[in-house]
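Reading through the structure tokens given below for one structure.
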Number of protein chains: 2
Amino acid sequence: MAKNTETAITPRRAENYPEWYQQVVRAAELAEVSCVRGCMVIKPWGYGIWECMQRALDQMIKDTGHENAYFPLFIPISFMEREAAHVEGFAKECAVVTHHRLELKEGRLVPTGELEEPLIVRPTSETIIGQTFSKWVQSYRDLPLLINQWANVVRWEMRTRLLLRTVEFLWQEGHTAHATHEEAQSETMQMLEVYRDFCERFLAIPVVVGRKTEGERFPGALETFSLEAMMQDRKALQAGTSHYLGQNFAKACDIKFLNQAGEIEYAYTTSWGVSTRLIGAMVMTHGDDNGMRVPPRVAPKHIAILPVLTKEGESERVLAYAEKIASMLKGQIYYDRPLVSVVDKRDLRGGEKTWQWIKRGIPLRLEVGPRDIESGQVVVYRRDEEPRQKIFMKLEEFVAKVPQLLDEIHTSYFDTALKFKEANTHREIGTYEDLKAFFEDERLGGGFVLAKWCEDAEVEETLKELKITIRCMPLEQSNTSGKCVVTGRDAVKDAIFAKAY
Amino acid sequence: MAKNTETAITPRRAENYPEWYQQVVRAAELAEVSCVRGCMVIKPWGYGIWECMQRALDQMIKDTGHENAYFPLFIPISFMEREAAHVEGFAKECAVVTHHRLELKEGRLVPTGELEEPLIVRPTSETIIGQTFSKWVQSYRDLPLLINQWANVVRWEMRTRLLLRTVEFLWQEGHTAHATHEEAQSETMQMLEVYRDFCERFLAIPVVVGRKTEGERFPGALETFSLEAMMQDRKALQAGTSHYLGQNFAKACDIKFLNQAGEIEYAYTTSWGVSTRLIGAMVMTHGDDNGMRVPPRVAPKHIAILPVLTKEGESERVLAYAEKIASMLKGQIYYDRPLVSVVDKRDLRGGEKTWQWIKRGIPLRLEVGPRDIESGQVVVYRRDEEPRQKIFMKLEEFVAKVPQLLDEIHTSYFDTALKFKEANTHREIGTYEDLKAFFEDERLGGGFVLAKWCEDAEVEETLKELKITIRCMPLEQSNTSGKCVVTGRDAVKDAIFAKAY
């Protein structure tokens with residue numbers, strides 16, 4: 001495939017972005033549709049990325065004092081009834097277990113053993129974990145309670161898309177209880193910051209952190225904060241959320257404690273989560289027309305070593321050289337994780353093998369042939385460069401330089417994404433007319449519009465016309481006053497307006 | 001509590017073993033019953049043990065060439081119908097999802113949105129993973145396919161017991177497909193050996209590995225192999241299984257490939273798993289009348305440092321000394337994992353704190369007071385010794401010796417369990433009369449009876465009278481002939497007869 005003429009993925013991003021996304025997920029072997037409606041299979045390369053993400057984030061969650069635990073998959077219906085907004089938010093899309101047995105009748109299995117009270121498969125665990133917390137908390141001495149869970153959850157979405165919106169997905173959900181409003185709020189902000197740091201430092205995804213509008217809050221929360229990332233089609237993707245729940249769930253679940261003044265009080269709780277959706281976010285942030293580009297710090301493997309076996313009789317020497325390189329790399333640490341290289345010995349045509357690794361998005365590729373043995377060199381390809389861009393290095397130099405190369409690739413992905421986000425964040429749009437013109441004109445391509453909002457909920461209704469939403473009010477506010485971009489009324493809040501996933 | 005008079009757990013093992021077990025699980029904060037029938041909450045200390053187990057076993061699974069992936073939680077009913085024995089084994093106890101929405105009617109939530117085809121929550125994933133494999137495998141070049149999944153599964157057990165038998169539990173399930181019968185069989189045996197090594201080297205649980213009888217096989221398997229451990233009440237506990245499935249599931253799921261001879265053939269598959277049940281097995285193998293004893297190689301924390309704050313005004317110095325010890329321990333590696341110590345500064349009465357750590361079963365405990373600072377020493381308590389058995393050591397000596405101490409504790413747990421198993425494995429019982437007398441006499445206490453079996457399935461029916469089963473035919477066979485302990489007929493197979501969990 002010649003540079004700039006053909007690409008590994010058809011169609012290109014510019015031609016049909018949604019279809020390009022599906023093709024990259026497939027070509028990179030990240031995930032596939034299963035035979036169960038809306039549920040996905042996460043394939044080894046995709047799951048490997050998830051494992052690297054889990055490992056890094058889990059450590060950050062533990063470093064901030066949280067412990068992991070595990071709570072039931074099922075929630076009795078009556079628990080959901082306790083928090084009115086929560087019911088509203090989740091009842092419409094949940095898997096309901098009504099029976100506990102199957103019987104063969106006329107050759108077909110049919111459900112029997114009806115449950116007295118149906119159970120729902122957890123869409124999120126505030127109610128079931130809250131119920132447990134109510135048993136664990138008696139006194140202020142039992143607080144704060146800082147718990148995290150890695151789990152699968154189910155939301156019966158009607159329109160699904162691999163990794164971005166699926167009926168079942170994997171996530172972590174943090175749930176904490178505190179003695180004071182201030183402590184719980186500060187926990188909410190701390191975890192938002194942990195997520196920002198994680199997204200930027202590991203996934204190379206720049207994000208805007210901000211407060212959600214009332215209409216976009218988590219059902220039952222007093223405040224929801226989110227991370228908003230910009231995909232390459234300039235739409236926003238919510239990459240994670242952190243909720244301050246006040247005493248709502250403590251009241252619904254009866255989490256009470258004896259405070260230092262000797263009075264019984266309801267606890268203040270928070271919850272926060274990120275999911276396998278972030279893998280989709282990485283595809284849409286970093287992928288190019290040749291496939292996935294995995295940020296090095298969450299790459300299951302960092303380096304593919306491809307022996308070039310052209311001449312008869314030289315295979316053994318070349319394979320030995322490839323193995324020697326792998327063994328020299330072994331034991332090195334990159335970003336707190338052992339460096340992983342793979343010698344791909346499979347009997348495939350050279351091009352097929354090369355392109356498979358490019359499409360998967362491995363950060364570094366080496367091609368080694370007979371000539372390299374004599375000269376003690378390697379031919380290095382970086383995934384952040386053009387597929388045929390060779391770098392000739394002495395073997396020792398390469399081995400010593402791997403961490404630096406990986407850091408450079410990380411930085412290049414992050415900088416590219418940051419530049420793209422900045423270039424497509426518009427601060428000059430001040431009237432509804434301009435806003436409308438901007439989002440309706442396909443040629444302008446969309447993006448984030450940072451403008452004033454008068455904080456009237458009616459505005460969000462109006463925005464539905466343009467198929468956009470207020471993504472968040474960034475934590476970083478200009479603190480100037482101006483006119484609301486929708487109503488023209490006086491306004492002080494900066495908000496981000498965008499189309500979103 | 002004075003030695004040999006009082007213990008931390010009531011009742012003692014000897015008084016009421018099942019109740020002792022429940023009390024240890026509770027006192028060690030491993031798990032608790034949830035408000036959802038049969039489902040448990042795994043508490044941080046218990047989940048921390050599971051994380052250590054996962055980490056070690058996951059590496060062993062990867063080192064033998066397997067990759068992790070993730071498959072749907074739900075299985076369409078029709079998939080279950082495909083393998084007759086599988087239906088038989090699992091249909092009687094499964095959670096069935098029949099609806100995908102809840103609606104408020106007269107103030108109560110009721111299920112609506114009935115599914116065309118009900119889904120079951122996976123009790124095990126042979127059918128859903130097999131369905132996926134059928135898409136992944138076309139040619140012998142795609143084989144072997146070596147996949148593992150860490151997941152939750154649900155079996156609607158009627159009689160549940162924390163960690164040992166619960167409606168929902170966590171496990172790993174390996175699923176592999178191979179081009180030949182021999183390869184698949186060798187995979188089955190390899191994973192059995194991985195489990196044996198894991199149980200003995202990490203959990204300090206000695207096991208007997210062997211083949212199950214036909215009646216005890218996994219539904220749909222041609223051969224099931226298991227690990228059988230002996231609990232302190234002398235009953236057997238199945239600690240893990242590895243199944244050779246032949247072509248049964250390949251036929252049910254249509255996993256076909258073009259072999260090297262150019263013919264279409266069904267693949268040969270295996271599956272194997274261990275679960276959170278192993279935490280229960282550790283409690284019942286190593287626990288004593290003072291609570292849990294966690295084997296050091298899967299202990300979430302290795303050392304509890306307890307500052308003794310008796311005199312006013314000395315707290316700061318003692319705390320500083322405790323922190324100094326912790327920082328000296330930091331960065332050390334024990335068995336491929338960083339050493340974890342905790343300075344327990346909580347404001348609790350000294351005895352309460354000490355006993356909490358004893359009941360949790362932390363391997364090493366240090367008590368440090370003002371006098372230790374001057375002498376530069378520490379008072380060390382090992383969990384494999386009596387609670388009040390002090391060891392005085394110089395601080396530097398202790399720090400240098402921690403890995404050795406932990407290894408000694410591991411070995412002491414393993415040796416104690418092995419001795420117990422050997423002492424309670426009876427080779428002298430040769431007739432049904434003796435077998436009956438042995439298992440009916442409570443004073444003899446039960447155990448493993450290693451005796452001959454004529455391989456007649458009828459025998460297993462007879463054994464129900466004694467409430468015992470054939471646990472397995474050990475891989476290590478004496479290769480002598482003798483008389484079946486039940487029928488008196490000529491027999492060559494050695495088998496283990498025991499009561500079991």
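Here, A, B, ... name the chains of the structure tokens in the order displayed, residue numbers run from 1 inside each chain, and ligands are numbered from 1 in the same displayed order.
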So that each row is one residue of chain A with an atom at most 8 Å from chain B, can you give its shortest atom pair and the distance in Å to one decimal, using only C-alpha atoms, rows by chain and rising number, as a tab-separated table?
```
residue	atom	partner	partner_atom	distance
A:Ser34	CA	B:Thr132	CA	7.4
A:Val36	CA	B:Pro76	CA	7.0
A:Cys39	CA	B:Pro72	CA	5.9
A:Met40	CA	B:Pro72	CA	6.4
A:Val41	CA	B:Phe71	CA	4.7
A:Ile42	CA	B:Tyr70	CA	5.0
A:Lys43	CA	B:Ala69	CA	5.2
A:Pro44	CA	B:Ala69	CA	4.8
A:Gly46	CA	B:Ala69	CA	7.9
A:Tyr47	CA	B:Ala69	CA	5.4
A:Gly48	CA	B:Asn68	CA	7.2
A:Glu67	CA	B:Pro44	CA	6.0
A:Asn68	CA	B:Pro44	CA	5.6
A:Ala69	CA	B:Pro44	CA	4.8
A:Tyr70	CA	B:Ile42	CA	4.9
A:Phe71	CA	B:Val41	CA	4.7
A:Pro72	CA	B:Cys39	CA	5.9
A:Leu73	CA	B:Glu168	CA	7.5
A:Phe74	CA	B:Val36	CA	7.0
A:Ile75	CA	B:Val36	CA	7.0
A:Pro76	CA	B:Val36	CA	7.0
A:Ile77	CA	B:Leu109	CA	6.9
A:Ser78	CA	B:Leu109	CA	7.7
A:Glu81	CA	B:Leu109	CA	7.1
A:Ala91	CA	B:Leu102	CA	5.0
A:Lys92	CA	B:Arg101	CA	5.0
A:Glu93	CA	B:Arg101	CA	5.2
A:Cys94	CA	B:His100	CA	5.1
A:Ala95	CA	B:His100	CA	4.5
A:Val96	CA	B:His99	CA	5.1
A:Val97	CA	B:Val97	CA	4.1
A:Thr98	CA	B:Val97	CA	6.2
A:His99	CA	B:Val96	CA	5.2
A:His100	CA	B:Ala95	CA	4.5
A:Arg101	CA	B:Lys92	CA	5.0
A:Leu102	CA	B:Ala91	CA	5.0
A:Glu103	CA	B:Ala91	CA	6.9
A:Arg108	CA	B:Glu81	CA	7.5
A:Leu109	CA	B:Ile77	CA	6.9
A:Pro111	CA	B:Val96	CA	6.7
A:Pro118	CA	B:Pro111	CA	7.9
A:Thr132	CA	B:Ser34	CA	7.4
A:Trp156	CA	B:His100	CA	6.4
A:Glu168	CA	B:Pro72	CA	7.3
```
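All residues of protein, DNA or RNA that reach within 8 Å of stretch 301-311 of chain B, judged by only C-alpha atoms and not counting those fewer than 2 positions away in the chain, are Pro296, Ala299, Gly313, Glu314, Ser315, Val318, Leu319, Ala322, Ala326, Leu339, Val340, Ser341, Val342, Val343, Asp344, Lys345, Gly350, Lys353, Thr354, Trp357, Ile362, Pro363, Leu364, Arg365, Leu366, Glu367, Val368, Gly369 and Pro370 of chain B.
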Please save C-alpha atoms of the selected residues as a JSON list (two decimals), in the first residue's frame.
```
[["chain", "number", "residue", "atom", "x", "y", "z"],
["B", 296, "PRO", "CA", 1.31, -15.35, 53.18],
["B", 299, "ALA", "CA", -2.30, -12.16, 51.99],
["B", 313, "GLY", "CA", 3.31, 12.06, 75.63],
["B", 314, "GLU", "CA", 5.07, 9.15, 74.03],
["B", 315, "SER", "CA", 2.64, 8.58, 71.18],
["B", 318, "VAL", "CA", 6.19, 5.44, 69.02],
["B", 319, "LEU", "CA", 4.22, 6.32, 65.91],
["B", 322, "ALA", "CA", 6.25, 2.40, 63.62],
["B", 326, "ALA", "CA", 6.99, 0.47, 57.59],
["B", 339, "LEU", "CA", 5.54, -6.51, 50.71],
["B", 340, "VAL", "CA", 2.55, -4.75, 52.26],
["B", 341, "SER", "CA", 2.64, -3.56, 55.84],
["B", 342, "VAL", "CA", 0.13, -1.40, 57.67],
["B", 343, "VAL", "CA", 0.61, 0.83, 60.68],
["B", 344, "ASP", "CA", -2.65, 0.54, 62.56],
["B", 345, "LYS", "CA", -3.05, 3.92, 64.22],
["B", 350, "GLY", "CA", -4.96, -2.38, 72.32],
["B", 353, "LYS", "CA", -6.84, -4.08, 67.60],
["B", 354, "THR", "CA", -4.57, -7.05, 68.20],
["B", 357, "TRP", "CA", -5.64, -8.74, 63.11],
["B", 362, "ILE", "CA", -2.48, -11.55, 58.94],
["B", 363, "PRO", "CA", 0.79, -13.55, 58.82],
["B", 364, "LEU", "CA", 2.96, -11.26, 60.98],
["B", 365, "ARG", "CA", 2.17, -8.81, 63.74],
["B", 366, "LEU", "CA", 4.56, -6.35, 65.36],
["B", 367, "GLU", "CA", 3.95, -4.58, 68.60],
["B", 368, "VAL", "CA", 6.14, -1.57, 69.17],
["B", 369, "GLY", "CA", 6.31, 0.49, 72.35],
["B", 370, "PRO", "CA", 8.58, 3.15, 73.85]]
```
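Atom to atom, atom CA of B:Ser271 and atom CA of B:Ser242 stand 6.0 Å apart.
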* For B:Met230, work out the shell of residues within 8 Å, counting only C-alpha atoms and skipping chain neighbours fewer than 5 positions away, then give it as a list in words. => Val207, Lys235, Ala236, Leu237, Thr285, Lys421, Gly447 and Phe448 of chain B
Would you mind exporting the chosen residues as a PDB file, in the first residue's frame, restricted to N, CA and C atoms?
```
ATOM      1  N   VAL B 207      -3.514 -31.093  47.835  1.00  0.00           N
ATOM      2  CA  VAL B 207      -4.685 -31.661  47.155  1.00  0.00           C
ATOM      3  C   VAL B 207      -4.363 -33.018  46.555  1.00  0.00           C
ATOM      4  N   LYS B 235     -13.932 -33.657  55.841  1.00  0.00           N
ATOM      5  CA  LYS B 235     -14.704 -33.800  54.605  1.00  0.00           C
ATOM      6  C   LYS B 235     -13.860 -33.331  53.427  1.00  0.00           C
ATOM      7  N   ALA B 236     -14.235 -33.809  52.236  1.00  0.00           N
ATOM      8  CA  ALA B 236     -13.543 -33.387  51.019  1.00  0.00           C
ATOM      9  C   ALA B 236     -14.188 -32.119  50.483  1.00  0.00           C
ATOM     10  N   LEU B 237     -13.364 -31.282  49.877  1.00  0.00           N
ATOM     11  CA  LEU B 237     -13.878 -30.132  49.153  1.00  0.00           C
ATOM     12  C   LEU B 237     -13.240 -30.114  47.778  1.00  0.00           C
ATOM     13  N   THR B 285      -9.240 -25.009  55.777  1.00  0.00           N
ATOM     14  CA  THR B 285      -7.978 -25.750  55.850  1.00  0.00           C
ATOM     15  C   THR B 285      -7.064 -25.166  56.932  1.00  0.00           C
ATOM     16  N   LYS B 421      -4.091 -34.350  56.445  1.00  0.00           N
ATOM     17  CA  LYS B 421      -4.666 -35.135  55.344  1.00  0.00           C
ATOM     18  C   LYS B 421      -4.114 -36.564  55.369  1.00  0.00           C
ATOM     19  N   GLY B 447     -12.983 -38.943  57.059  1.00  0.00           N
ATOM     20  CA  GLY B 447     -11.689 -38.777  56.400  1.00  0.00           C
ATOM     21  C   GLY B 447     -11.773 -39.316  54.989  1.00  0.00           C
ATOM     22  N   PHE B 448     -10.606 -39.493  54.375  1.00  0.00           N
ATOM     23  CA  PHE B 448     -10.556 -40.086  53.029  1.00  0.00           C
ATOM     24  C   PHE B 448     -10.297 -41.579  53.195  1.00  0.00           C
TER      25      PHE B 448
END
```
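The space between atom CA of B:Phe414 and atom CA of B:Pro295 spans 8.8 Å.
Proximity ranking of A:Tyr335, A:Phe392, A:Trp453, A:Tyr381 relative to A:Gln404 places A:Tyr335 first, based on only C-alpha atoms.
Residues lying within 7 Å of stretch 176-186 of chain A, counting only C-alpha atoms and ignoring same-chain neighbours fewer than 5 positions away, are A:Tyr140, A:Leu143, A:Pro144, A:Leu145, A:Leu146, A:Ile147, A:Tyr244, A:Gly246, A:Ala267, A:Tyr268, A:Thr269, A:Thr270, A:Ser271.
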* Quick one, how far is atom CA of A:Ile373 from atom CA of A:Glu385? -> 24.7 Å
Could you pull the residues within 9 Å of A:Ala281, counting only C-alpha atoms, minus those fewer than 4 positions along the same chain, as a short mmCIF file (atom, residue, chain, number, x, y, z; two decimals) with C-alpha atoms, in the first residue's frame?
```cif
data_model
loop_
_atom_site.label_atom_id
_atom_site.label_comp_id
_atom_site.auth_asym_id
_atom_site.auth_seq_id
_atom_site.Cartn_x
_atom_site.Cartn_y
_atom_site.Cartn_z
CA LEU A 163 -17.67 -0.46 23.19
CA LEU A 164 -19.47 2.91 23.26
CA ILE A 205 -6.97 11.78 25.87
CA ALA A 229 -13.41 14.44 25.35
CA MET A 230 -13.55 15.46 21.71
CA MET A 231 -13.66 12.68 19.12
CA LEU A 237 -17.89 11.84 24.41
CA GLN A 238 -18.52 11.66 28.13
CA ALA A 239 -15.49 9.75 29.39
CA ARG A 277 -16.44 2.85 26.80
CA THR A 285 -9.40 9.93 19.58
CA HIS A 286 -6.25 8.25 18.29
#
```
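Minimum distance to A:Leu329 across A:Glu223, A:Arg388, A:Val399, A:Val298 (counting only C-alpha atoms) occurs at A:Val399.
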* Pull the helix (DSSP H, G or I) assignments for stretch 310-410 of chain A out of DSSP run on the backbone, and list those residues as a VMD selection string. => chain A and resid 315 to 329 350 to 360 370 to 375 395 to 410
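Near stretch 248-260 of chain B, within 6 Å and counting only C-alpha atoms, sit B:Arg82, B:Glu83, B:Gly130, B:Gln131, B:Ser134, B:Gln138, B:Ser139, B:Tyr140, B:Ile264, B:Glu265, B:Tyr266, B:Ala267, not including residues fewer than 4 positions from it in the same chain.
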Could you dump the residues just selected with N, CA and C atoms as a compact mmCIF listing (two decimals), in the first residue's frame?
```
# COMPACT_ATOMS: atom_id res chain seq x y z
N ARG B 82 -28.91 -27.11 23.10
CA ARG B 82 -28.09 -27.82 22.11
C ARG B 82 -27.31 -29.01 22.67
N GLU B 83 -26.99 -28.95 23.95
CA GLU B 83 -26.19 -30.03 24.51
C GLU B 83 -27.04 -30.68 25.60
N GLY B 130 -18.50 -21.19 23.00
CA GLY B 130 -18.44 -22.11 21.86
C GLY B 130 -19.02 -21.48 20.60
N GLN B 131 -20.12 -20.78 20.77
CA GLN B 131 -20.76 -20.07 19.65
C GLN B 131 -19.77 -19.06 19.03
N SER B 134 -16.92 -20.75 17.14
CA SER B 134 -17.31 -21.25 15.82
C SER B 134 -17.06 -20.20 14.74
N GLN B 138 -11.59 -21.44 11.57
CA GLN B 138 -11.91 -21.96 10.24
C GLN B 138 -10.93 -23.07 9.85
N SER B 139 -9.65 -22.78 10.15
CA SER B 139 -8.61 -23.70 9.69
C SER B 139 -7.79 -24.19 10.89
N TYR B 140 -7.04 -25.25 10.65
CA TYR B 140 -6.14 -25.75 11.71
C TYR B 140 -5.15 -24.67 12.13
N ILE B 264 -12.98 -31.22 6.65
CA ILE B 264 -13.68 -30.49 7.70
C ILE B 264 -13.85 -31.41 8.90
N GLU B 265 -13.49 -30.88 10.09
CA GLU B 265 -13.55 -31.71 11.28
C GLU B 265 -14.05 -30.87 12.46
N TYR B 266 -14.67 -31.49 13.43
CA TYR B 266 -15.04 -30.75 14.64
C TYR B 266 -13.81 -30.62 15.55
N ALA B 267 -13.71 -29.48 16.21
CA ALA B 267 -12.58 -29.26 17.12
C ALA B 267 -12.76 -30.07 18.41
```
* For stretch 425-428 of chain B, please output as a PyMOL selection string all residues within 10 Å (counting only C-alpha atoms; exclusion window: fewer than 6 positions along the same chain). => chain B and resi 230+234+419+434-435+438+446-452+496-498
File of the preceding selection, C-alpha atoms, as an mmCIF file, in the first residue's frame:
```cif
data_model
loop_
_atom_site.group_PDB
_atom_site.id
_atom_site.type_symbol
_atom_site.label_atom_id
_atom_site.label_comp_id
_atom_site.auth_asym_id
_atom_site.auth_seq_id
_atom_site.Cartn_x
_atom_site.Cartn_y
_atom_site.Cartn_z
ATOM 1 C CA MET B 230 -9.417 -32.226 53.008
ATOM 2 C CA ARG B 234 -12.198 -34.358 57.397
ATOM 3 C CA LYS B 419 0.011 -34.087 57.931
ATOM 4 C CA ASP B 434 -15.752 -51.612 57.576
ATOM 5 C CA LEU B 435 -16.492 -48.702 55.257
ATOM 6 C CA PHE B 438 -16.056 -46.053 59.606
ATOM 7 C CA GLY B 446 -14.451 -39.475 58.864
ATOM 8 C CA GLY B 447 -11.689 -38.777 56.400
ATOM 9 C CA PHE B 448 -10.556 -40.086 53.029
ATOM 10 C CA VAL B 449 -10.779 -43.816 52.495
ATOM 11 C CA LEU B 450 -8.410 -44.908 49.737
ATOM 12 C CA ALA B 451 -9.695 -48.275 48.549
ATOM 13 C CA LYS B 452 -10.403 -50.330 45.470
ATOM 14 C CA ILE B 496 -11.079 -41.989 47.315
ATOM 15 C CA PHE B 497 -14.316 -42.359 49.264
ATOM 16 C CA ALA B 498 -15.384 -39.462 51.465
#
```
